[in-house]
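Asks: If you scroll down you'll find the structure; I have some questions about it.
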Protein chains: 4
Amino acid sequence: MIDSPNEECGVFGIATPPTHQDIARLVFYGLYALQHRGQEAAGIAVSDGKTTHLHKGLGLVAQTFNEAIMAGMSGHLAIGHTRYSTTGSSTLANAQPFRIETRHGPLALAHNGNLVNASALRSELLDQGVGLTSTSDSEVLVLMLAAAPGKTWLERIAACMPRWKGAYSLVVLTREGVYAARDPWGVRPLTIGRLPDGGHAVASETGALEVIGCDAIREVRPGEAVALHEAALIVRQALPPSAPLALCTFEHIYFSRPDSLWDGQLVYDVRKRLGKMLAVEAPAQADVVIPVPDTSVPAAIGYAEESGLPFNEGLIQNRYIGRTFIQPSQAMRRAGVFLKFNPIPSVLNGRSVVVLDDSIVRGTTSAHLVSMLRQAGAREIHLRLTCPPIRHPCFMGVDMASYDELIAHRHSVDEIAQLLQVDSLHYLSLEGMMAAIGSSSGYCNACFTGEYPFALNPIFTKTGFEPNPE
Amino acid sequence: MIDSPNEECGVFGIATPPTHQDIARLVFYGLYALQHRGQEAAGIAVSDGKTTHLHKGLGLVAQTFNEAIMAGMSGHLAIGHTRYSTTGSSTLANAQPFRIETRHGPLALAHNGNLVNASALRSELLDQGVGLTSTSDSEVLVLMLAAAPGKTWLERIAACMPRWKGAYSLVVLTREGVYAARDPWGVRPLTIGRLPDGGHAVASETGALEVIGCDAIREVRPGEAVALHEAALIVRQALPPSAPLALCTFEHIYFSRPDSLWDGQLVYDVRKRLGKMLAVEAPAQADVVIPVPDTSVPAAIGYAEESGLPFNEGLIQNRYIGRTFIQPSQAMRRAGVFLKFNPIPSVLNGRSVVVLDDSIVRGTTSAHLVSMLRQAGAREIHLRLTCPPIRHPCFMGVDMASYDELIAHRHSVDEIAQLLQVDSLHYLSLEGMMAAIGSSSGYCNACFTGEYPFALNPIFTKTGFEPNPE
Amino acid sequence: MIDSPNEECGVFGIATPPTHQDIARLVFYGLYALQHRGQEAAGIAVSDGKTTHLHKGLGLVAQTFNEAIMAGMSGHLAIGHTRYSTTGSSTLANAQPFRIETRHGPLALAHNGNLVNASALRSELLDQGVGLTSTSDSEVLVLMLAAAPGKTWLERIAACMPRWKGAYSLVVLTREGVYAARDPWGVRPLTIGRLPDGGHAVASETGALEVIGCDAIREVRPGEAVALHEAALIVRQALPPSAPLALCTFEHIYFSRPDSLWDGQLVYDVRKRLGKMLAVEAPAQADVVIPVPDTSVPAAIGYAEESGLPFNEGLIQNRYIGRTFIQPSQAMRRAGVFLKFNPIPSVLNGRSVVVLDDSIVRGTTSAHLVSMLRQAGAREIHLRLTCPPIRHPCFMGVDMASYDELIAHRHSVDEIAQLLQVDSLHYLSLEGMMAAIGSSSGYCNACFTGEYPFALNPIFTKTGFEPNPE
Amino acid sequence: MIDSPNEECGVFGIATPPTHQDIARLVFYGLYALQHRGQEAAGIAVSDGKTTHLHKGLGLVAQTFNEAIMAGMSGHLAIGHTRYSTTGSSTLANAQPFRIETRHGPLALAHNGNLVNASALRSELLDQGVGLTSTSDSEVLVLMLAAAPGKTWLERIAACMPRWKGAYSLVVLTREGVYAARDPWGVRPLTIGRLPDGGHAVASETGALEVIGCDAIREVRPGEAVALHEAALIVRQALPPSAPLALCTFEHIYFSRPDSLWDGQLVYDVRKRLGKMLAVEAPAQADVVIPVPDTSVPAAIGYAEESGLPFNEGLIQNRYIGRTFIQPSQAMRRAGVFLKFNPIPSVLNGRSVVVLDDSIVRGTTSAHLVSMLRQAGAREIHLRLTCPPIRHPCFMGVDMASYDELIAHRHSVDEIAQLLQVDSLHYLSLEGMMAAIGSSSGYCNACFTGEYPFALNPIFTKTGFEPNPE
């Protein structure tokens with residue numbers, strides 16, 4: 001995607017036999033495989049059954065950890081997190097895992113998602129006279145767990161789940177074990193795998209389980225709380241799964257790694273089918289099909305296969321792109337500098353080009369991209385998007401944009417085509433998208449339709465976001 | 001002192017007219033003047049009546065803050081802290097001020113001292129299902145304040161004070177103001193001054209108020225809680241002052257700056273009188289009087305004046321001594337390397353020397369010092385200490401040592417003289433010390449006598465320290 | 001390429017009208033576009049005609065520079081460098097540009113390439129009693145320039161060029177201007193462009209000139225020295241171009257960006273033609289063609305187009321791969337963890353797969369990749385490489401490997417196929433490769449043929465590398 | 001001293017038996033003991049007879065080195081440096097030791113002092129076509145050594161010494177050994193000692209030799225070059241000592257540690273005699289004698305002893321003073337904030353005070369100090385200085401100030417007394433100072449008299465400083 005929504009978060013948990021020597025390394029590689037879900041902060045908490053070691057920092061996983069830090073983190077139980085801030089400001093105080101001391105011993109938690117009743121739960125805690133040290137949902141979750149009834153942590157997690165409204169895929173670390181839980185709508189993914197040498201791991205995406213050699217991978221089912229043990233899983237259906245579910249469609253469109261499974265489907269295959277469906281719904285008289293790298297490559301291959309048009313690379317992504325705080329000068333902007341991508345003139349010059357992308361959020365960067373394709377000689381530009389227009393913000397863990405920022409909230413498709421100056425513009429239809437996904441599990445399409453899976457705090461619909469309590 | 005107890009903490013608070021532009025700078029210089037009370041961590045919290053900015057870091061005040069950080073801290077209310085860890089491990093999580101969000105808005109607190117019932121209060125909070133994020137007393141204090149009854153913060157502070165047993169001199173920052181409170185025993189110092197351009201400041205020592213230009217300086221009285229306002233102070237005697245008080249004698253002997261007032265007396269003058277009293281109690285046939293720099297200089301001057309013996313410098317303190325983590329090699333130790341001090345041979349060689357020091361804690365470094373004086377040619381060494389033998393640990397905010405480490409707990413004065421290989425050794429008597437101090441306010445001399453000002457948790461008397469909950 | 005040779009270096013230079021305000025920013029973006037040529041160190045030197053500012057550091061360009069550093073670098077003349085160390089150890093002392101003070105004022109230089117007579121030139125300087133502060137060729141170059149005859153810097157550069165044997169594409173900064181020079185064999189690329197608002201820039205690749213908006217791009221010709229001026233170029237043919245030239249073939253195969261021109265050809269197009277030629281030379285009975293990302297994508301598209309087989313992605317490159325110093329554990333290696341790429345099972349499972357890659361250097365990583373493809377279910381693997389076997393090291397600025405490390409130096413193609421356990425293995429023939437490149441300019445194919453373009457110091461052919469003088 | 005001249009540099013060298021394991025640690029502690037001679041940068045170079053390891057950084061010795069860095073520096077030969085920049089800008093490029101590669105192998109050098117013909121020597125090198133990478137004298141020294149005639153390094157050093165005009169106390173490290181040399185005027189100190197376990201060390205001050213356990217300490221004689229060996233010293237009188245010598249008086253007055261020997265005299269004793277002589281030359285009707293800490297303490301003790309007036313501390317130096325970049329606000333300045341010292345009111349209030357200091361350079365800080373003493377209640381202030389007025393800059397390695405900045409260059413003693421608002425002001429006479437020093441070796445008193453020990457480049461006398469070539 002050319003103007004990406006702010007991404008979300010990745011969680012990871014692992015419980016191995018107590019003889020395991022190097023568990024932090026496995027968490028590191030699990031988080032490394034989830035890096036695309038959040039680049040702002042990373043953290044790992046490890047327990048040896050007595051002491052809990054926690055290290056977290058701002059930046060990429062590989063920037064936050066080094067061998068010296070890893071060496072100080074021994075144990076056989078661990079959780080980790082890679083974060084994009086959806087609520088709370090982007091500070092170390094809000095980085096996860098979040099750890100506290102409770103009457104039952106230390107408790108650490110990391111989660112992906114967003115509670116829609118977080119404000120109410122915060123107020124409730126404050127009214128009880130409890131003080132809060134951060135602005136993140138995570139602290140609300142751990143403080144509620146600390147006070148929850150129940151003899152075991154699994155019971156306490158199950159006792160809290162009915163109070164939590166919204167999207168949450170979470171992992172919990174205590175002296176006794178590692179736990180995982182997922183909201184009854186199943187908004188965000190969460191999957192469990194078996195380790196080859198004993199033990200279990202849990203991760204936001206299957207790709208992170210494969211990277212550490214897991215097999216026998218299954219989802220944490222919506223509404224389920226699970227205790228990971230060396231030999232077995234203890235499963236408790238804390239809440240009945242919502243009917244229908246509200247799986248996030250955007251995991252297919254953009255978030256997940258192409259080699260991950262979501263709702264039992266390989267994301268790569270779904271993206272290719274989305275491209276094929278677009279070729280059926282919105283064919284084009286053109287010379288070549290090109291993707292906006294790198295999410296849209298399978299869709300472009302699918303479109304090309306279905307349409308019979310040749311696939312080619314028309315844009316090269318800068319391999320070493322990274323965070324730079326050096327801003328281009330005005331002269332450079334005027335000169336059409338485009339740092340993230342470079343055009344391949346021989347593919348574009350004089351050609352009629354079908355450009356596959358996943359979505360348009362704000363539209364400004366897309367306009368810039370179209371202008372670059374024109375400068376490289378593209379005769380006609382037919383933009384094809386693998387989902388319907390995004391007209392509504394997400395309140396379930398994705399910081400897309402507010403209503404006013406969404407180009408499709410303010411403009412019709414025809415107007416967008418004009419604004420972007422493309423020769424044709426087609427969004428995949430909702431029906432076409434769901435047919436390409438090919439599942440009847442129940443999906444959340446609120447960002448396209450405005451039909452949210454649960455009642456929202458009225459403040460959401462006005463401002464687009466819950467007010468930050470700080 | 002040659003083998004210094006781990007020092008304690010310094011607190012600072014300030015409330016100015018809302019027009020003040022540069023309050024963080026005043027806190028910085030206040031903490032800078034309190035640096036001798038703790039070099040492990042420093043922190044400042046500033047409020048503009050709405051937002052609270054907090055910055056803290058490990059290290060000296062001058063290492064923790066720079067102009068860029070200061071520029072981000074605007075407001076007219078502020079508190080600060082410089083820390084030596086007395087409880088809780090030495091990590092950033094335990095650095096102060098400690099800040100939380102409460103039902104009444106943000107709350108930040110910093111304190112000097114040690115609650116002797118902290119464990120019980122922690123357990124009580126945990127049993128209520130409250131989670132704790134750190135191991136410091138400060139979190140216990142803020143969480144109790146957050147839940148306390150009362151319409152104003154001053155009322156809430158007053159409501160909590162009866163529950164807190166032990167030594168505390170604390171400062172509190174909220175959106176409404178800056179508050180100060182001191183335990184009814186008055187163990188640790190806390191003083192208030194008026195700013196020349198309006199407003200008030202509070203600090204652990206008078207020296208820190210003078211450095212920012214305060215006048216009209218008075219103590220926060222034992223048992224008092226005070227709200228600092230631009231124009232006036234609102235004072236509430238939350239608890240009656242203990243009768244007698246338990247002012248820490250060691251503030252006179254070692255902790256406080258010589259230019260600070262403690263119990264209304266200039267510490268420099270007290271130290272000089274301690275030296276004079278020692279000359280009366282323990283005269284010596286000698287050629288010269290030298291101090292162990294730099295705390296004992298006034299005592300040595302006093303001893304010299306009283307005895308008629310000449311004062312001189314026999315040991316030069318390394319001006320640039322600082323934290324180095326490079327350890328001397330065995331060969332260097334064998335060669336008698338002594339980095340902190342260097343002897344002046346012309347003062348020592350062939351002389352009978354009276355050496356003034358304030359105290360001996362463990363004794364190992366003193367033995368080393370004596371051996372260095374011998375190598376420099378001292379013919380006789382008469383060691384004089386400005387207080388009685390330290391035979392008991394402190395549980396009121398000074399991390400001196402445990403019972404087993406205290407040389408005077410394990411050995412008689414004669415044995416110590418033999419161990420140190422000095423020609424004579426005299427500690428000032430309790431009576432002599434109190435006479436030199438010359439006040440009847442009531443002092444805590446527990447480290448000399450074992451008579452603690454309040455009942456201690458039995459665990460203290462066994463292990464010397466409260467168990468760390470982490 | 002799966003086991004990449006250590007890459008080389010990128011140089012950049014720019015001369016603008018004296019009114020230009022923000023030249024360091026242009027150099028930054030030029031180096032950013034050359035980042036793929038070296039990630040170990042980066043540096044920029046800027047002159048305002050009087051003072052020369054130099055900043056260099058270890059790491060990526062975006063890590064080495066920030067706005068504060070840029071703000072301190074004003075001027076209208078500048079050069080920059082992004083480095084992979086080919087000679088000299090990887091330390092800041094060897095980072096470029098290299099700056100000295102000379103009798104003619106300050107002189108800074110940055111270069112790409114490797115002198116084959118550097119040792120002899122170093123010895124010569126040392127024998128003259130000159131001291132050297134680094135182990136890099138750059139210092140040899142600047143010290144020779146400092147002592148060179150000539151009235152202008154262009155004359156001095158031209159005077160030195162006959163003494164320098166080997167590959168060099170260099171940029172020079174003095175108070176008077178910016179200069180560029182290229183060896184008579186033309187081994188490494190170097191191109192000049194005109195800035196839209198006046199002035200000229202020079203860069204290792206055309207892509208770096210386009211990024212800052214240059215037009216009228218042309219090569220610095222082999223043997224040429226050029227002075228860049230605001231309005232014009234002063235060109236001096238210091239040495240006749242070698243006949244034939246020795247342009248590095250590997251710039252086409254691997255080094256250059258696909259959107260750069262090399263020898264007048266778009267590298268993307270050359271790579272696609274190499275794939276087509278491979279389809280002709282080495283067809284395969286297969287179901288799908290996949291590239292090893294991301295260099296080999298155009299070759300795979302070419303192979304697919306020519307063969308009629310479908311193109312697909314079978315391997316996904318980790319978007320956030322970066323330098324991590326955390327090494328996988330043995331267990332992870334055993335479990336087949338493969339961090340750089342992840343397989344797409346639906347593309348591979350049960351399929352006969354043609355895998356396009358550019359080259360094999362050591363072979364170990366390729367074997368690992370093949371095993372991953374097998375685990376993902378690939379039924380047959382037909383590996384196709386876009387160049388002949390690499391049997392000889394490069395001594396012209398590419399740190400590929402020594403003789404003993406090169407798998408093709410020790411093994412025949414059949415043996416390599418067996419070692420890698422592929423069903424078929426074909427390297428493109430030398431003739432096929434040159435035909436696909438389609439130019440008769442004269443190329444260096446020494447890494448394939450062992451026929452070096454100039455006589456080598458005998459020490460090279462024995463050890464593979466010139467001894468490091470330090 | 002209250003407004004200190006910028007200090008100078010400290011050098012250290014050591015040669016031990018090849019079995020020595022931990023030589024860098026000895027250098028570290030040697031430099032630590034020389035820290036007062038320069039706080040801007042520190043560096044250590046170690047050789048094992050083959051490889052030379054060099055580490056240097058900006059800041060204090062304890063900030064620049066840690067155990068990890070020390071662990072990488074093994075060998076039995078080493079030199080070190082602690083720097084205050086006297087020429088060249090304060091950058092890492094100018095930090096010492098300075099290391100180059102020569103035809104005879106690696107060469108590292110560190111020095112204290114300033115060549116008065118450095119500009120001429122630089123020009124000479126540049127005219128020979130040699131390039132220079134820094135602006136420091138050190139590079140001139142090493143490049144001349146690299147090109148010098150002679151079979152051994154001792155011969156080469158001796159060959160260069162006649163060309164070097166000015167003050168230099170230098171140490172040299174090569175694969176063959178460690179060398180020391182001192183200019184024939186003997187301006188700066190340099191002393192050699194024997195290590196208890198074999199080998200020799202050389203240092204700017206005797207205090208640094210004592211700290212590592214040396215005995216048999218002697219000076220490097222003016223004009224001497226020495227090779228340090230495990231078992232013996234090889235001494236070469238390269239130049240006859242100047243008659244008379246030009247030992248720096250200011251080493252006695254201010255620079256050297258009080259426990260160091262300079263010209264065979266303990267500096268502490270000299271300072272005490274300076275105070276006694278002042279009491280004779282400039283008695284005062286007063287109540288108390290106080291020093292400006294900490295250089296002037298012995299002089300104040302001497303003055304008190306001679307005059308019969310009581311000695312006391314009237315000013316306490318902040319123990320934790322260090323580099324802070326936070327500047328006091330205007331309001332703080334107005335309020336009389338004085339961070340470096342705090343007054344002791346009981347010593348000053350209502351008293352007539354004799355204040356002992358060593359010197360006044362610019363005068364501004366002294367005026368501030370006087371005002372602080374007045375605020376603390378001092379009735380009369382009698383300022384006594386242990387040397388004559390400083391009326392001329394130093395060109396031999398001390399960056400005091402330029403002519404225009406020197407208060408005594410612009411004003412008479414009476415005017416200075418008025419400017420400072422003291423009741424009386426007396427400088428020690430030149431004769432009195434020399435009598436107190438009590439040696440006829442020959443001293444440089446140019447800063448008092450303007451009679452420099454050697455002819456100066458005319459540029460010096462005009463601008464006060466040699467122009468910086470960069």
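Ligands are numbered from 1 in the order shown, chains are lettered A, B, ... in the order of the structure tokens, and residues start at 1 in each chain.
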Enumerate, as number ranges by chain, the complete set of residues in range 62-256 of chain D that a backbone-based DSSP assignment places in strand (DSSP E or B).
Replies: D: 77-83, 98-102, 105-115, 132, 166-174, 178-182, 191-194, 200-203, 215-219, 224-228, 233-237, 247-248
Asks: Quick one: residues within 8 Å of range 204-217 of chain B, only C-alpha atoms counted, chain neighbours fewer than 2 positions away excluded, as an MDAnalysis selection string?
Replies: (chainID B and resid 10:12 26 29:31 33:34 169 188:196 201:202 219 256:257 259:262) or (chainID D and resid 332 335:339)
Asks: Since we have the selection now, will you write its residues out, keeping N, CA, C and O atoms, as a compact mmCIF listing (two decimals), in the first residue's frame?
Replies:
# COMPACT_ATOMS: atom_id res chain seq x y z
N GLY B 10 17.52 13.40 48.14
CA GLY B 10 17.18 14.81 48.26
C GLY B 10 15.89 15.08 47.51
O GLY B 10 15.67 14.54 46.42
N VAL B 11 15.01 15.90 48.12
CA VAL B 11 13.77 16.27 47.44
C VAL B 11 13.71 17.77 47.28
O VAL B 11 14.32 18.53 48.03
N PHE B 12 12.92 18.19 46.31
CA PHE B 12 12.80 19.60 46.00
C PHE B 12 11.41 19.84 45.42
O PHE B 12 10.89 19.00 44.68
N LEU B 26 15.16 26.10 37.87
CA LEU B 26 15.29 26.26 39.32
C LEU B 26 15.35 24.90 40.01
O LEU B 26 16.14 24.70 40.94
N TYR B 29 18.83 23.41 39.54
CA TYR B 29 19.86 23.92 40.42
C TYR B 29 19.62 23.54 41.87
O TYR B 29 20.55 23.34 42.64
N GLY B 30 18.35 23.42 42.23
CA GLY B 30 18.05 22.91 43.56
C GLY B 30 18.58 21.49 43.74
O GLY B 30 19.24 21.17 44.74
N LEU B 31 18.33 20.64 42.76
CA LEU B 31 18.81 19.25 42.85
C LEU B 31 20.33 19.20 42.79
O LEU B 31 20.96 18.36 43.44
N ALA B 33 22.30 21.26 44.01
CA ALA B 33 22.79 21.58 45.35
C ALA B 33 22.52 20.45 46.33
O ALA B 33 23.07 20.43 47.43
N LEU B 34 21.67 19.50 45.96
CA LEU B 34 21.37 18.35 46.81
C LEU B 34 22.05 17.08 46.30
O LEU B 34 21.77 15.98 46.78
N SER B 169 10.11 12.60 54.33
CA SER B 169 10.05 14.02 53.98
C SER B 169 9.69 14.00 52.52
O SER B 169 10.50 13.60 51.69
N ARG B 188 13.98 13.19 58.92
CA ARG B 188 14.78 13.79 57.83
C ARG B 188 14.43 15.27 57.70
O ARG B 188 13.29 15.66 57.98
N PRO B 189 15.36 16.08 57.27
CA PRO B 189 15.10 17.52 57.16
C PRO B 189 14.17 17.85 55.99
O PRO B 189 14.07 17.09 55.03
N LEU B 190 13.49 18.96 56.09
CA LEU B 190 12.65 19.50 55.01
C LEU B 190 12.36 20.95 55.35
O LEU B 190 11.85 21.25 56.42
N THR B 191 12.72 21.84 54.43
CA THR B 191 12.63 23.27 54.74
C THR B 191 11.96 24.00 53.59
O THR B 191 12.03 23.59 52.43
N ILE B 192 11.30 25.11 53.96
CA ILE B 192 10.55 25.91 52.99
C ILE B 192 11.15 27.31 52.93
O ILE B 192 11.59 27.85 53.95
N GLY B 193 11.16 27.89 51.72
CA GLY B 193 11.65 29.26 51.59
C GLY B 193 10.75 30.04 50.65
O GLY B 193 9.96 29.47 49.88
N ARG B 194 10.89 31.36 50.69
CA ARG B 194 10.10 32.24 49.82
C ARG B 194 10.97 32.70 48.66
O ARG B 194 12.13 33.10 48.87
N LEU B 195 10.43 32.64 47.46
CA LEU B 195 11.18 33.06 46.29
C LEU B 195 11.14 34.57 46.16
O LEU B 195 10.11 35.19 46.43
N PRO B 196 12.22 35.18 45.70
CA PRO B 196 12.27 36.65 45.63
C PRO B 196 11.17 37.22 44.73
O PRO B 196 10.65 38.30 45.00
N ALA B 201 9.40 27.57 47.69
CA ALA B 201 10.11 26.35 47.34
C ALA B 201 10.33 25.54 48.61
O ALA B 201 10.34 26.09 49.72
N VAL B 202 10.49 24.23 48.43
CA VAL B 202 10.72 23.34 49.56
C VAL B 202 11.89 22.43 49.17
O VAL B 202 12.00 22.04 48.01
N GLU B 219 11.55 25.50 58.67
CA GLU B 219 11.37 24.06 58.52
C GLU B 219 9.91 23.73 58.24
O GLU B 219 9.00 24.46 58.66
N SER B 256 24.47 16.31 55.78
CA SER B 256 24.12 17.64 55.26
C SER B 256 25.35 18.41 54.78
O SER B 256 26.49 18.16 55.21
N ARG B 257 25.09 19.33 53.87
CA ARG B 257 26.12 20.27 53.45
C ARG B 257 26.52 21.12 54.66
O ARG B 257 25.66 21.47 55.48
N ASP B 259 27.03 24.18 54.80
CA ASP B 259 26.37 25.48 54.79
C ASP B 259 24.86 25.37 54.98
O ASP B 259 24.15 26.35 54.81
N SER B 260 24.35 24.18 55.29
CA SER B 260 22.92 24.02 55.57
C SER B 260 22.68 24.17 57.07
O SER B 260 23.57 23.96 57.89
N LEU B 261 21.42 24.52 57.38
CA LEU B 261 20.97 24.56 58.77
C LEU B 261 20.24 23.25 59.06
O LEU B 261 19.42 22.80 58.26
N TRP B 262 20.49 22.64 60.20
CA TRP B 262 19.73 21.47 60.64
C TRP B 262 19.36 21.71 62.09
O TRP B 262 20.23 22.02 62.90
N MET D 332 18.27 33.89 38.43
CA MET D 332 19.18 33.22 39.34
C MET D 332 20.46 34.03 39.50
O MET D 332 21.01 34.16 40.59
N ALA D 335 19.85 36.82 41.68
CA ALA D 335 19.70 36.40 43.07
C ALA D 335 21.05 35.99 43.68
O ALA D 335 21.11 35.57 44.82
N GLY D 336 22.12 36.12 42.91
CA GLY D 336 23.43 35.84 43.46
C GLY D 336 23.77 34.36 43.57
O GLY D 336 24.57 33.95 44.42
N VAL D 337 23.17 33.58 42.73
CA VAL D 337 23.47 32.15 42.75
C VAL D 337 24.94 31.93 42.44
O VAL D 337 25.47 32.49 41.49
N PHE D 338 25.55 31.11 43.24
CA PHE D 338 26.96 30.85 43.03
C PHE D 338 27.16 29.35 43.20
O PHE D 338 27.17 28.85 44.32
N LEU D 339 27.28 28.68 42.07
CA LEU D 339 27.17 27.23 42.14
C LEU D 339 28.44 26.54 42.60
O LEU D 339 28.40 25.49 43.21
Asks: Name the residues in contact with Asp294 in chain B at a cut-off of 12 Å, using only C-alpha atoms, excluding same-chain residues fewer than 3 positions from it; report them as a VMD selection string.
Replies: (chain B and resid 1 to 2 4 254 to 255 257 to 258 268 271 290 to 291 297 to 301 313 to 319 340 to 341 356 to 358) or (chain D and resid 293 to 294 313 316 to 319)
Asks: Please indicate the distance in Å from CA of Leu419 in chain C to CA of His368 in chain C, rounded to one decimal place.
Replies: 10.8 Å
Asks: I need the residue nearest Val354 in chain D from this list: D:Ala304, D:Ala68, D:Cys387, D:Ala159. Use only C-alpha atoms for the distance.
Replies: D:Ala304
Asks: Considering only C-alpha atoms, return as a list in words whatever protein or nucleic-acid residues lie within 9 Å of Glu281 in chain B, sequence-local ones (same chain, fewer than 4 positions apart) excluded.
Replies: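 In the requested form, the answer reads Lys276, Met277, His426, Leu428, Ser429 and Gly432 of chain B.
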Asks: Which distance in Å separates CA of Val370 in chain C and CA of Gly302 in chain C, to one decimal?
Replies: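 According to the coordinates, CA of Val370 in chain C and CA of Gly302 in chain C are separated by 21.7 Å.
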Asks: Asp263 in chain B: which residues within 8 Å, counting only C-alpha atoms, same-chain residues fewer than 6 positions away excluded, as a PyMOL selection string?
Replies: chain B and resi 247+439+441
Asks: Only all heavy atoms, please: the residues just picked out, written as a compact mmCIF listing (two decimals), in the first residue's frame.
Replies:
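So again_19.txt came out as:
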# COMPACT_ATOMS: atom_id res chain seq x y z
N LEU B 247 15.13 13.64 65.41
CA LEU B 247 15.95 14.22 64.34
C LEU B 247 17.20 13.37 64.15
O LEU B 247 17.82 12.94 65.12
CB LEU B 247 16.33 15.66 64.69
CG LEU B 247 15.21 16.60 65.14
CD1 LEU B 247 15.79 18.01 65.40
CD2 LEU B 247 14.10 16.66 64.12
N SER B 439 21.37 21.12 71.44
CA SER B 439 19.94 21.33 71.24
C SER B 439 19.21 20.27 72.03
O SER B 439 19.70 19.15 72.21
CB SER B 439 19.60 21.19 69.75
OG SER B 439 18.25 20.86 69.59
N SER B 441 16.05 19.32 71.13
CA SER B 441 14.86 19.04 70.33
C SER B 441 14.47 17.57 70.37
O SER B 441 13.32 17.23 70.15
CB SER B 441 15.11 19.41 68.87
OG SER B 441 15.40 20.77 68.76
Asks: One decimal, in Å: what's the spacing between CA of Val422 in chain C and CA of Ala367 in chain C?
Replies: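 CA of Val422 in chain C sits 8.9 Å away from CA of Ala367 in chain C.
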Asks: Excluding same-chain residues fewer than 4 positions from Ile157 in chain C, what lies within 8 Å of it counting only C-alpha atoms, as a list in words?
Replies: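 Selected residues are Leu145, Ala148, Trp153, Met161, Ala181 and Ala225 of chain C.
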Asks: Using only C-alpha atoms, can you tell me which of B:Asp22, B:Gly80, B:Gly43, B:Leu132 comes closest to chain A?
Replies: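 Under the stated criterion, the closest residue is B:Leu132.
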Asks: List every residue of chain B that has an atom at most 8 Å from any atom of chain A, and for each one report the closest atom pair and its distance in Å to one decimal, counting only C-alpha atoms, with rows sorted by chain and then by increasing residue number, as a Markdown table.
Replies:
| residue | atom | partner | partner_atom | distance |
| --- | --- | --- | --- | --- |
| B:Thr51 | CA | A:Glu470 | CA | 7.7 |
| B:Arg99 | CA | A:Thr133 | CA | 6.4 |
| B:Ile100 | CA | A:Thr133 | CA | 4.3 |
| B:Glu101 | CA | A:Leu132 | CA | 4.8 |
| B:Thr102 | CA | A:Gly131 | CA | 4.8 |
| B:Arg103 | CA | A:Leu126 | CA | 4.6 |
| B:Ser123 | CA | A:Arg103 | CA | 7.4 |
| B:Leu126 | CA | A:Arg103 | CA | 4.6 |
| B:Asp127 | CA | A:Arg103 | CA | 5.7 |
| B:Gln128 | CA | A:Ala147 | CA | 7.1 |
| B:Gly129 | CA | A:Ala147 | CA | 3.8 |
| B:Val130 | CA | A:Ala147 | CA | 6.2 |
| B:Gly131 | CA | A:Thr102 | CA | 4.7 |
| B:Leu132 | CA | A:Glu101 | CA | 4.8 |
| B:Thr133 | CA | A:Ile100 | CA | 4.4 |
| B:Ser134 | CA | A:Ile100 | CA | 7.4 |
| B:Val142 | CA | A:Gly131 | CA | 7.6 |
| B:Leu143 | CA | A:Gly131 | CA | 5.7 |
| B:Ala146 | CA | A:Gly129 | CA | 5.4 |
| B:Ala147 | CA | A:Gly129 | CA | 3.8 |
| B:Ala148 | CA | A:Gly129 | CA | 7.3 |
| B:Glu470 | CA | A:Thr51 | CA | 7.9 |
